[in-house]
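> Following this message is one structure expressed as structure tokens.
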There are 2 protein chains.
Amino acid sequence: MSESWGRLQPRITELSDLSSALRLLGWDQHVMMPVAGGPARASTVATLQAIAHSRLSSPELGELLADAEADNSLGEDERASVNLLSRDHEKATRVPEALVRELAEVEALSFQAWTQARPANDFSILEPHLSRVVALKKEAADAIGWEDERYDALLDDYEPGMATRTVEALFDKLVPSLRPVTETILGAAGERPLFLTRTYEVDKQESFCVWLIQMMGFDLSEGRFDVSPHPFTIHIGGGDVRQTTRYEPKALMMSIRGSMHETGHALYEQGVPKEMVGLPIGDIRSLGLHESQSRIWEIQVGMGRAFVEFMLPHLKDRFPEELGRLSPDEFYRGVNHPRRSLIRIQADEVTYNLHIALRLELELALFRDELSVAELPEAFEAAMEKHLGIRPDDHADGVLQDMHWAVGGFGYFPTYTLGTLYAAALFERARSDLGDLEQDLRNGDTSPLLAWLRDKIHIHGGRRSGTELAEQAIGAPLGVEAFLDHLKKKYAEIYDVSF
Amino acid sequence: MSESWGRLQPRITELSDLSSALRLLGWDQHVMMPVAGGPARASTVATLQAIAHSRLSSPELGELLADAEADNSLGEDERASVNLLSRDHEKATRVPEALVRELAEVEALSFQAWTQARPANDFSILEPHLSRVVALKKEAADAIGWEDERYDALLDDYEPGMATRTVEALFDKLVPSLRPVTETILGAAGERPLFLTRTYEVDKQESFCVWLIQMMGFDLSEGRFDVSPHPFTIHIGGGDVRQTTRYEPKALMMSIRGSMHETGHALYEQGVPKEMVGLPIGDIRSLGLHESQSRIWEIQVGMGRAFVEFMLPHLKDRFPEELGRLSPDEFYRGVNHPRRSLIRIQADEVTYNLHIALRLELELALFRDELSVAELPEAFEAAMEKHLGIRPDDHADGVLQDMHWAVGGFGYFPTYTLGTLYAAALFERARSDLGDLEQDLRNGDTSPLLAWLRDKIHIHGGRRSGTELAEQAIGAPLGVEAFLDHLKKKYAEIYDVSF
């Protein structure tokens, strides 16, 4: 081990341990904590964040990093970790401590206001807070610096290295093609199949999902699977990857899709090599690539004909009354039944990315100073009508439906679509590499696919950017065709339509 | 608010938040964490402990404390907090950082060794580690300083302000009387009643305990009740007090007693006034007084005739097959059936404190340099024979049965007996203050007792020492008579014996 790396390592461990503690505080807050513990927890989180920020931005760390950067004896992985940490250090030093603190406070207040504004259907409760958030995010973005435009700095938190113009170009190609495809599919979709809204005992849903996620390769001896109102996955620390799901008696497919989605994230985290965990290269920073893993398992696998046909008999075992007479074809068509929805998180794979497109449009307008927060509700409704052909009756189903903006998460939404695009292209490539993937999935054998993803994506951890890793795995630059082709092919077959 | 207090407060908040995070890490480790997460968790805990220790011992904090101590405008509670924190700061500065770190490492290794030594029944696995622990604890105690003898410094961590000679005097009075009483009771106890070892469905045990702890006043909206191998209670932060229990099909009374015991601890924590939580005066530092609350609910209430008679019909509702024909008297006698056991945590209220007496004897000998770690197993067996009249066949049931020593917890054991003594005296006093306590308990109404404990003990938080608070509530200095009287009266009635 080089001397400069040896001196840096304790600092890396300290930062990683502080992150671990913060992740546990967050997981616990969403899964275990009694609501009454909220104010005290907010203080604990703020204290640990302040300590972590001051360690990350400390001049001593800067000197150790400079020494390591100048050290030619570093191994490749060590160098990659030093580069990643240097970027983080640099970003942390550029934002003044006072701004970091103010942003954290304002975001906490704004989140509070959102939790009241949505049920009250009253944007004015959120507006002053959200205006502060946007103003401070602009200030922070400008402090960090950007190349082409301010939104670059925001995007960098969720998709490091990707430029706004790249993202915008993808959406500009995707949306004009996706809209007519969506209209054709929605026009052909008939009545909603009855089995989708029957009542399914939650205990049996749970036992099915616990079986399913392990069958997919999630290792419960190195993780947990719990329930939370908003499912998520979090890598607490080495040997401890936790995912959550939720169950509702009248929404069987929600829990299955949700569990497969989070298992996609969780398999990615469990696939990061043990020796990388706790190092900067062990952090997966590309949310787009992360989302590709969840979308592959949720949609490409979980809603594909082969795996759906594999799942049905196992579901019939548990729900003979409710599903006993359903044919594989009925089940497959039902699982994939699309509909126009006002709510993003209820959207199917056909309409989902139009929800994202409208959000990206509004985020860009906000940060290009072309739109004010006061104008946001009306702009949201207009954009919804333009992209999805429906207009929300109220703010609760419109601009207030997501919490992302309230907590300052600008730049996050587009990674959902990046994930969709990566997922379609990666799955296409896996199918061609693996040959008999459909047959494996029909047998419920997901291990060849997992092995392929491990090899192409997971074992690289966060060593390289999302684009770099994905494009190497796909063997081509990221485009929108794989996803559009997937949609067209699938629904042409389901509804006998042509595009 | 005085200026000096205003400057100190952010430091207090930071220390309290670090403690909260550490408590959550500990709770999670014992209740939720997959075993594979252990090594990473150990690193996270060590990092946060090091940060907390460096903040606590920092010269800046020392200056702020000195300013506050010299400030005459401080309120009474503020002054009490300053005094408590000054003591902690002083202790923290006296132990060199290197010793703190070495002790933490050696204790972690020693605990590891204990987890292997006990199942292997091999003291030699633990011995070298335990010798290091004892040597370092001596060094730390000497660094901290003590008045009469080194053990004072150890005791101070668990029962601040109590001298070794006080504890020893109590045991010297208790043990000679307790031993013959114990022999008489054990001699009169007949066969173990069959219902104690029947099989009780765990789900029903759980539903009973969840009902019971809430009936006793535990507020689940400001806490949690989970399962862990070693039940414990922990105050994570404001509005968040968590207790655990455990269930075994063949040990109904274990889960009921354990749940009532932990509920006693948890009610104490939930009774600390909200405005004290997060301040030094909100920490309950006397483990003896803490244990008194758990023993009152577990033993004085939970194994007393009135409450046992109240519980029986509720248990019969859940277990009609197993308990349907049991009379209240049979149930009461069964619940209180004593037996000689090698294992402390399986001991009943009659023999329990003899287990503690033997441990205190050995701890004192170790820290008075009258006994070496190598001699400990033999000394343990001899002391067990002396106090309890039985000799362990192996080390697993002897010196290796508890983990306390392996993790450096010397000075902890005697607080169990202090708790027993406080509990008997407090309950006696509550009975005389409340008049019809027996009738209330027979009706399942524990609220008058809880109100009395809230008023006499809980609302004072950690403002005063355990002895001070308990003696004021009892109205007399702490002695051994209340406990001995309680035992004699109870068992004279059960077995028709005289003492």
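Identifiers in this document derive from the order of the structure tokens: chains are assigned A, B, ..., residues are numbered from 1 separately in each chain, and ligands are numbered from 1 in order of occurrence.
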Taking only C-alpha atoms into account, what are the residues of chain B at most 10 Å from chain A, put as a count of residues only?
47
> Write out as a list in words each polymer residue whose atoms come within 10 Å of segment 194-196 of chain A, counting only C-alpha atoms; drop sequence neighbours fewer than 4 positions from it.
Tyr200, Lys250, Ala251, Leu252, Met253, Met254, Glu322, Leu323, Leu326, Glu330, Phe331, Gly334, Val335 and His337 of chain A
> How far is it from atom CA of Ile281 of chain B to atom CA of Gly461 of chain B, in Å with one decimal?
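Atom-to-atom, atom CA of Ile281 of chain B to atom CA of Gly461 of chain B, that is 6.1 Å.
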> Smallest atom-to-atom distance to Leu421 of chain A: which of A:Glu147, A:Glu191, A:Glu471, A:Glu309, using only C-alpha atoms?
A:Glu471
> Which one is closest to Leu484 of chain B: B:Leu441, B:Met303, B:Val350, B:Ile345? Count only C-alpha atoms.
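Once distances to Leu484 of chain B are computed over only C-alpha atoms, the minimum belongs to B:Val350.
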> List as a list in words the protein and nucleic acid residues near segment 62-79 of chain B, meaning an atom at most 9 Å away when only C-alpha atoms are counted, but skip any in the same chain fewer than 3 places from it.
Met1, Ser2, Glu3, Ser4, Trp5, Arg7, Leu8, Leu56, Ser57, Ser58, Pro59, Val82, Asn83, Leu84, Leu85, Ser86, His89, Glu90, Met276, Leu279, Ile281 and Arg463 of chain B
> How would the residues just picked look written out with C-alpha atoms as an mmCIF file, in the first residue's frame?

```cif
data_model
loop_
_atom_site.group_PDB
_atom_site.id
_atom_site.type_symbol
_atom_site.label_atom_id
_atom_site.label_comp_id
_atom_site.auth_asym_id
_atom_site.auth_seq_id
_atom_site.Cartn_x
_atom_site.Cartn_y
_atom_site.Cartn_z
ATOM 1 C CA MET B 1 -31.690 32.310 28.543
ATOM 2 C CA SER B 2 -28.253 33.171 29.864
ATOM 3 C CA GLU B 3 -25.531 33.837 27.334
ATOM 4 C CA SER B 4 -23.191 31.114 28.603
ATOM 5 C CA TRP B 5 -25.984 28.543 28.360
ATOM 6 C CA ARG B 7 -23.242 29.084 23.750
ATOM 7 C CA LEU B 8 -23.154 25.677 25.429
ATOM 8 C CA LEU B 56 -16.782 15.489 24.895
ATOM 9 C CA SER B 57 -13.143 15.882 25.879
ATOM 10 C CA SER B 58 -12.447 18.952 23.723
ATOM 11 C CA PRO B 59 -10.848 21.958 25.442
ATOM 12 C CA VAL B 82 -23.794 21.841 33.466
ATOM 13 C CA ASN B 83 -22.648 19.909 36.534
ATOM 14 C CA LEU B 84 -23.426 16.543 34.967
ATOM 15 C CA LEU B 85 -21.742 17.414 31.694
ATOM 16 C CA SER B 86 -18.712 18.820 33.524
ATOM 17 C CA HIS B 89 -16.060 16.073 30.351
ATOM 18 C CA GLU B 90 -13.643 15.719 33.234
ATOM 19 C CA MET B 276 -35.383 17.324 29.672
ATOM 20 C CA LEU B 279 -30.170 17.477 27.969
ATOM 21 C CA ILE B 281 -30.532 16.012 33.114
ATOM 22 C CA ARG B 463 -31.332 15.563 37.818
#
```
> Have a look at atom CA of Thr93 of chain B and atom CA of Pro280 of chain B and let me know their distance in Å, one decimal.
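Atom CA of Thr93 of chain B sits 17.6 Å away from atom CA of Pro280 of chain B.
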> For His395 of chain B, find every residue with an atom within 7 Å (counting only C-alpha atoms), except residues of its own chain fewer than 6 positions away, and show them as a PyMOL selection string.
chain B and resi 121-123+377
> Keeping N, CA and C atoms, export the residues of the selection given above as a PDB file, in the first residue's frame.

```pdb
ATOM      1  N   ASN B 121     -17.253 -24.129  25.573  1.00  0.00           N
ATOM      2  CA  ASN B 121     -17.012 -24.446  26.971  1.00  0.00           C
ATOM      3  C   ASN B 121     -15.516 -24.380  27.299  1.00  0.00           C
ATOM      4  N   ASP B 122     -14.845 -23.369  26.732  1.00  0.00           N
ATOM      5  CA  ASP B 122     -13.392 -23.317  26.827  1.00  0.00           C
ATOM      6  C   ASP B 122     -12.944 -21.914  27.272  1.00  0.00           C
ATOM      7  N   PHE B 123     -12.650 -21.793  28.557  1.00  0.00           N
ATOM      8  CA  PHE B 123     -12.270 -20.494  29.109  1.00  0.00           C
ATOM      9  C   PHE B 123     -10.958 -19.979  28.510  1.00  0.00           C
ATOM     10  N   PRO B 377     -12.195 -18.946  36.830  1.00  0.00           N
ATOM     11  CA  PRO B 377     -13.156 -20.056  36.695  1.00  0.00           C
ATOM     12  C   PRO B 377     -13.311 -20.850  37.988  1.00  0.00           C
TER      13      PRO B 377
END
```
